[in-house]
Amino acid sequence: MLAPLLSAAPAIQLHAFAAMAAFALGLVQLAAPKGTLPHRSLGWIWVALMAAVSVSAFFIHEIRLWGPWSPIHLLAIFTLVMLPLAVLHARRRATQRHRNAMISIFLGALVIAGLFTFLPGRIMHAVAFGP
């Protein structure tokens with residue numbers, strides 16, 4: 001079942017497993033009480049996972065629209081800019097801005113981008129639906 005992913009390049013494996021972990025942890029973070037020590041601790045793990053997802057994206061060039069680059073690389077840049085801003089908002093107790101930034105990252109970089117990985121011909125499509 002995971003064979004297509006396990007036979008992919010290491011950058012793709014890191015990207016996919018970090019994204020899956022970030023998605024699961026993000027769901028927990030969205031449902032759990034906010035402002036608690038567990039929320040902050042798990043939040044740092046989520047930020048690290050999202051940084052790994054974004055950085056690893058720069059080593060994946062399966063879709064080439066502009067030389068080796070694609071829209072997913074723009075999303076990676078957006079995420080790498082928004083993550084520290086979202087953390088800064090939390091540290092400054094701008095909770096609404098923090099919430100909006102984190103939800104935007106979760107929806108854009110994990111949910112919407114993740115749905116595109118299930119298109120026919122993509123590795124996650126093969127994982128989920130077979131070759």
# chains A, B, ... in the order shown; residues from 1 in each chain; ligands from 1
>>> residues_around(residues="Arg99 in chain A", least_positions_apart="2", cutoff="12 Å", atoms="only C-alpha atoms", output="list of chain:residue names")
A:Gln29, A:Leu30, A:Lys34, A:Gly35, A:Gly43, A:Met82, A:Leu83, A:Leu85, A:Ala86, A:Val87, A:Leu88, A:His89, A:Ala90, A:Arg93, A:Ala94, A:Thr95, A:Gln96, A:Arg97, A:Ala101, A:Met102, A:Ile103, A:Ser104, A:Ile105, A:Phe106
>>> atom_distance(atom1="CA of Leu5 in chain A", atom2="CA of Gly114 in chain A")
14.4 Å
>>> closest_residue(among="A:Leu42, A:Ala57, A:Leu6, A:Ala18", to="Pro71 in chain A", atoms="only C-alpha atoms")
A:Ala57
>>> atom_distance(atom1="CA of Arg91 in chain A", atom2="CA of Val47 in chain A")
14.0 Å
>>> atom_distance(atom1="CA of Pro10 in chain A", atom2="CA of Ser56 in chain A")
9.4 Å
>>> closest_residue(among="A:Phe118, A:Phe17, A:Phe129, A:Phe58", to="Ser70 in chain A", atoms="only C-alpha atoms")
A:Phe58
>>> select_by_dssp(residues="chain A", states="alpha helix (DSSP H)", output="ChimeraX atom specification")
/A:3-6,10-31,37-57,71-91,95-105,113-116,123-129
>>> residues_around(residues="Met124 in chain A", least_positions_apart="5", cutoff="12 Å", atoms="only C-alpha atoms", output="ChimeraX atom specification")
/A:1-6,8,12-13,15-17,19-20,113-119,129-131
>>> residues_around(residues="Val28 in chain A", least_positions_apart="3", cutoff="12 Å", atoms="only C-alpha atoms", output="PDB file with all heavy atoms, in the first residue's frame")
ATOM      1  N   ALA A  21       1.974  13.810   9.147  1.00  0.00           N
ATOM      2  CA  ALA A  21       2.073  14.046  10.588  1.00  0.00           C
ATOM      3  C   ALA A  21       1.537  15.431  10.946  1.00  0.00           C
ATOM      4  O   ALA A  21       0.805  15.595  11.932  1.00  0.00           O
ATOM      5  CB  ALA A  21       3.517  13.891  11.047  1.00  0.00           C
ATOM      6  N   ALA A  22       1.878  16.433  10.131  1.00  0.00           N
ATOM      7  CA  ALA A  22       1.404  17.795  10.384  1.00  0.00           C
ATOM      8  C   ALA A  22      -0.114  17.878  10.241  1.00  0.00           C
ATOM      9  O   ALA A  22      -0.774  18.598  11.001  1.00  0.00           O
ATOM     10  CB  ALA A  22       2.077  18.781   9.434  1.00  0.00           C
ATOM     11  N   PHE A  23      -0.667  17.141   9.283  1.00  0.00           N
ATOM     12  CA  PHE A  23      -2.119  17.153   9.114  1.00  0.00           C
ATOM     13  C   PHE A  23      -2.799  16.577  10.358  1.00  0.00           C
ATOM     14  O   PHE A  23      -3.728  17.178  10.901  1.00  0.00           O
ATOM     15  CB  PHE A  23      -2.520  16.359   7.867  1.00  0.00           C
ATOM     16  CG  PHE A  23      -4.003  16.325   7.633  1.00  0.00           C
ATOM     17  CD1 PHE A  23      -4.652  17.421   7.092  1.00  0.00           C
ATOM     18  CD2 PHE A  23      -4.753  15.219   7.982  1.00  0.00           C
ATOM     19  CE1 PHE A  23      -6.032  17.410   6.895  1.00  0.00           C
ATOM     20  CE2 PHE A  23      -6.119  15.200   7.792  1.00  0.00           C
ATOM     21  CZ  PHE A  23      -6.762  16.291   7.242  1.00  0.00           C
ATOM     22  N   ALA A  24      -2.326  15.422  10.813  1.00  0.00           N
ATOM     23  CA  ALA A  24      -2.924  14.786  11.998  1.00  0.00           C
ATOM     24  C   ALA A  24      -2.765  15.671  13.232  1.00  0.00           C
ATOM     25  O   ALA A  24      -3.728  15.897  13.977  1.00  0.00           O
ATOM     26  CB  ALA A  24      -2.288  13.415  12.228  1.00  0.00           C
ATOM     27  N   LEU A  25      -1.569  16.195  13.436  1.00  0.00           N
ATOM     28  CA  LEU A  25      -1.327  17.056  14.591  1.00  0.00           C
ATOM     29  C   LEU A  25      -2.118  18.354  14.474  1.00  0.00           C
ATOM     30  O   LEU A  25      -2.622  18.875  15.476  1.00  0.00           O
ATOM     31  CB  LEU A  25       0.169  17.343  14.728  1.00  0.00           C
ATOM     32  CG  LEU A  25       0.589  18.144  15.954  1.00  0.00           C
ATOM     33  CD1 LEU A  25       0.111  17.496  17.236  1.00  0.00           C
ATOM     34  CD2 LEU A  25       2.105  18.300  15.964  1.00  0.00           C
ATOM     35  N   ALA A  31      -8.744  21.168  17.452  1.00  0.00           N
ATOM     36  CA  ALA A  31      -9.811  20.705  18.336  1.00  0.00           C
ATOM     37  C   ALA A  31      -9.503  20.917  19.817  1.00  0.00           C
ATOM     38  O   ALA A  31     -10.426  21.033  20.626  1.00  0.00           O
ATOM     39  CB  ALA A  31     -10.076  19.214  18.080  1.00  0.00           C
ATOM     40  N   ALA A  32      -8.243  20.967  20.183  1.00  0.00           N
ATOM     41  CA  ALA A  32      -7.843  21.028  21.588  1.00  0.00           C
ATOM     42  C   ALA A  32      -7.958  22.440  22.148  1.00  0.00           C
ATOM     43  O   ALA A  32      -8.008  23.414  21.393  1.00  0.00           O
ATOM     44  CB  ALA A  32      -6.408  20.526  21.718  1.00  0.00           C
ATOM     45  N   PRO A  33      -7.969  22.543  23.478  1.00  0.00           N
ATOM     46  CA  PRO A  33      -7.997  23.869  24.109  1.00  0.00           C
ATOM     47  C   PRO A  33      -6.766  24.690  23.719  1.00  0.00           C
ATOM     48  O   PRO A  33      -5.670  24.153  23.564  1.00  0.00           O
ATOM     49  CB  PRO A  33      -7.964  23.560  25.613  1.00  0.00           C
ATOM     50  CG  PRO A  33      -8.421  22.147  25.733  1.00  0.00           C
ATOM     51  CD  PRO A  33      -8.016  21.460  24.464  1.00  0.00           C
ATOM     52  N   LYS A  34      -6.974  25.971  23.576  1.00  0.00           N
ATOM     53  CA  LYS A  34      -5.907  26.871  23.128  1.00  0.00           C
ATOM     54  C   LYS A  34      -5.229  27.536  24.323  1.00  0.00           C
ATOM     55  O   LYS A  34      -5.823  27.711  25.371  1.00  0.00           O
ATOM     56  CB  LYS A  34      -6.472  27.968  22.208  1.00  0.00           C
ATOM     57  CG  LYS A  34      -7.353  27.458  21.082  1.00  0.00           C
ATOM     58  CD  LYS A  34      -6.620  26.514  20.152  1.00  0.00           C
ATOM     59  CE  LYS A  34      -7.476  26.066  19.014  1.00  0.00           C
ATOM     60  NZ  LYS A  34      -8.195  24.831  19.242  1.00  0.00           N
ATOM     61  N   PRO A  38       0.241  22.124  26.591  1.00  0.00           N
ATOM     62  CA  PRO A  38       0.248  21.148  25.495  1.00  0.00           C
ATOM     63  C   PRO A  38       0.031  21.799  24.122  1.00  0.00           C
ATOM     64  O   PRO A  38       0.659  21.402  23.144  1.00  0.00           O
ATOM     65  CB  PRO A  38      -0.900  20.198  25.837  1.00  0.00           C
ATOM     66  CG  PRO A  38      -1.060  20.314  27.314  1.00  0.00           C
ATOM     67  CD  PRO A  38      -0.706  21.738  27.641  1.00  0.00           C
ATOM     68  N   HIS A  39      -0.836  22.803  24.039  1.00  0.00           N
ATOM     69  CA  HIS A  39      -1.071  23.481  22.765  1.00  0.00           C
ATOM     70  C   HIS A  39       0.220  24.149  22.280  1.00  0.00           C
ATOM     71  O   HIS A  39       0.564  24.042  21.112  1.00  0.00           O
ATOM     72  CB  HIS A  39      -2.193  24.522  22.902  1.00  0.00           C
ATOM     73  CG  HIS A  39      -2.467  25.272  21.639  1.00  0.00           C
ATOM     74  ND1 HIS A  39      -3.195  24.747  20.607  1.00  0.00           N
ATOM     75  CD2 HIS A  39      -2.093  26.516  21.249  1.00  0.00           C
ATOM     76  CE1 HIS A  39      -3.264  25.628  19.620  1.00  0.00           C
ATOM     77  NE2 HIS A  39      -2.603  26.715  19.990  1.00  0.00           N
ATOM     78  N   LEU A  42       2.869  21.238  21.384  1.00  0.00           N
ATOM     79  CA  LEU A  42       2.519  20.590  20.122  1.00  0.00           C
ATOM     80  C   LEU A  42       2.585  21.569  18.960  1.00  0.00           C
ATOM     81  O   LEU A  42       2.890  21.194  17.831  1.00  0.00           O
ATOM     82  CB  LEU A  42       1.131  19.951  20.216  1.00  0.00           C
ATOM     83  CG  LEU A  42       1.005  18.762  21.163  1.00  0.00           C
ATOM     84  CD1 LEU A  42      -0.443  18.279  21.235  1.00  0.00           C
ATOM     85  CD2 LEU A  42       1.932  17.631  20.758  1.00  0.00           C
ATOM     86  N   GLY A  43       2.324  22.836  19.250  1.00  0.00           N
ATOM     87  CA  GLY A  43       2.414  23.871  18.219  1.00  0.00           C
ATOM     88  C   GLY A  43       3.826  23.994  17.674  1.00  0.00           C
ATOM     89  O   GLY A  43       4.023  24.147  16.464  1.00  0.00           O
ATOM     90  N   TRP A  46       4.389  21.160  15.394  1.00  0.00           N
ATOM     91  CA  TRP A  46       3.675  21.390  14.136  1.00  0.00           C
ATOM     92  C   TRP A  46       4.446  22.377  13.252  1.00  0.00           C
ATOM     93  O   TRP A  46       4.579  22.173  12.047  1.00  0.00           O
ATOM     94  CB  TRP A  46       2.262  21.905  14.416  1.00  0.00           C
ATOM     95  CG  TRP A  46       1.405  21.945  13.204  1.00  0.00           C
ATOM     96  CD1 TRP A  46       0.726  20.915  12.641  1.00  0.00           C
ATOM     97  CD2 TRP A  46       1.135  23.093  12.378  1.00  0.00           C
ATOM     98  NE1 TRP A  46       0.043  21.350  11.516  1.00  0.00           N
ATOM     99  CE2 TRP A  46       0.280  22.674  11.335  1.00  0.00           C
ATOM    100  CE3 TRP A  46       1.533  24.424  12.422  1.00  0.00           C
ATOM    101  CZ2 TRP A  46      -0.177  23.557  10.357  1.00  0.00           C
ATOM    102  CZ3 TRP A  46       1.076  25.298  11.447  1.00  0.00           C
ATOM    103  CH2 TRP A  46       0.231  24.844  10.423  1.00  0.00           C
ATOM    104  N   PHE A 106      -2.729  25.761   7.521  1.00  0.00           N
ATOM    105  CA  PHE A 106      -3.284  24.406   7.563  1.00  0.00           C
ATOM    106  C   PHE A 106      -4.142  24.132   6.334  1.00  0.00           C
ATOM    107  O   PHE A 106      -3.965  23.117   5.649  1.00  0.00           O
ATOM    108  CB  PHE A 106      -4.112  24.218   8.841  1.00  0.00           C
ATOM    109  CG  PHE A 106      -4.708  22.850   8.977  1.00  0.00           C
ATOM    110  CD1 PHE A 106      -3.960  21.789   9.477  1.00  0.00           C
ATOM    111  CD2 PHE A 106      -6.024  22.602   8.607  1.00  0.00           C
ATOM    112  CE1 PHE A 106      -4.506  20.520   9.594  1.00  0.00           C
ATOM    113  CE2 PHE A 106      -6.573  21.346   8.716  1.00  0.00           C
ATOM    114  CZ  PHE A 106      -5.813  20.298   9.212  1.00  0.00           C
TER     115      PHE A 106
END
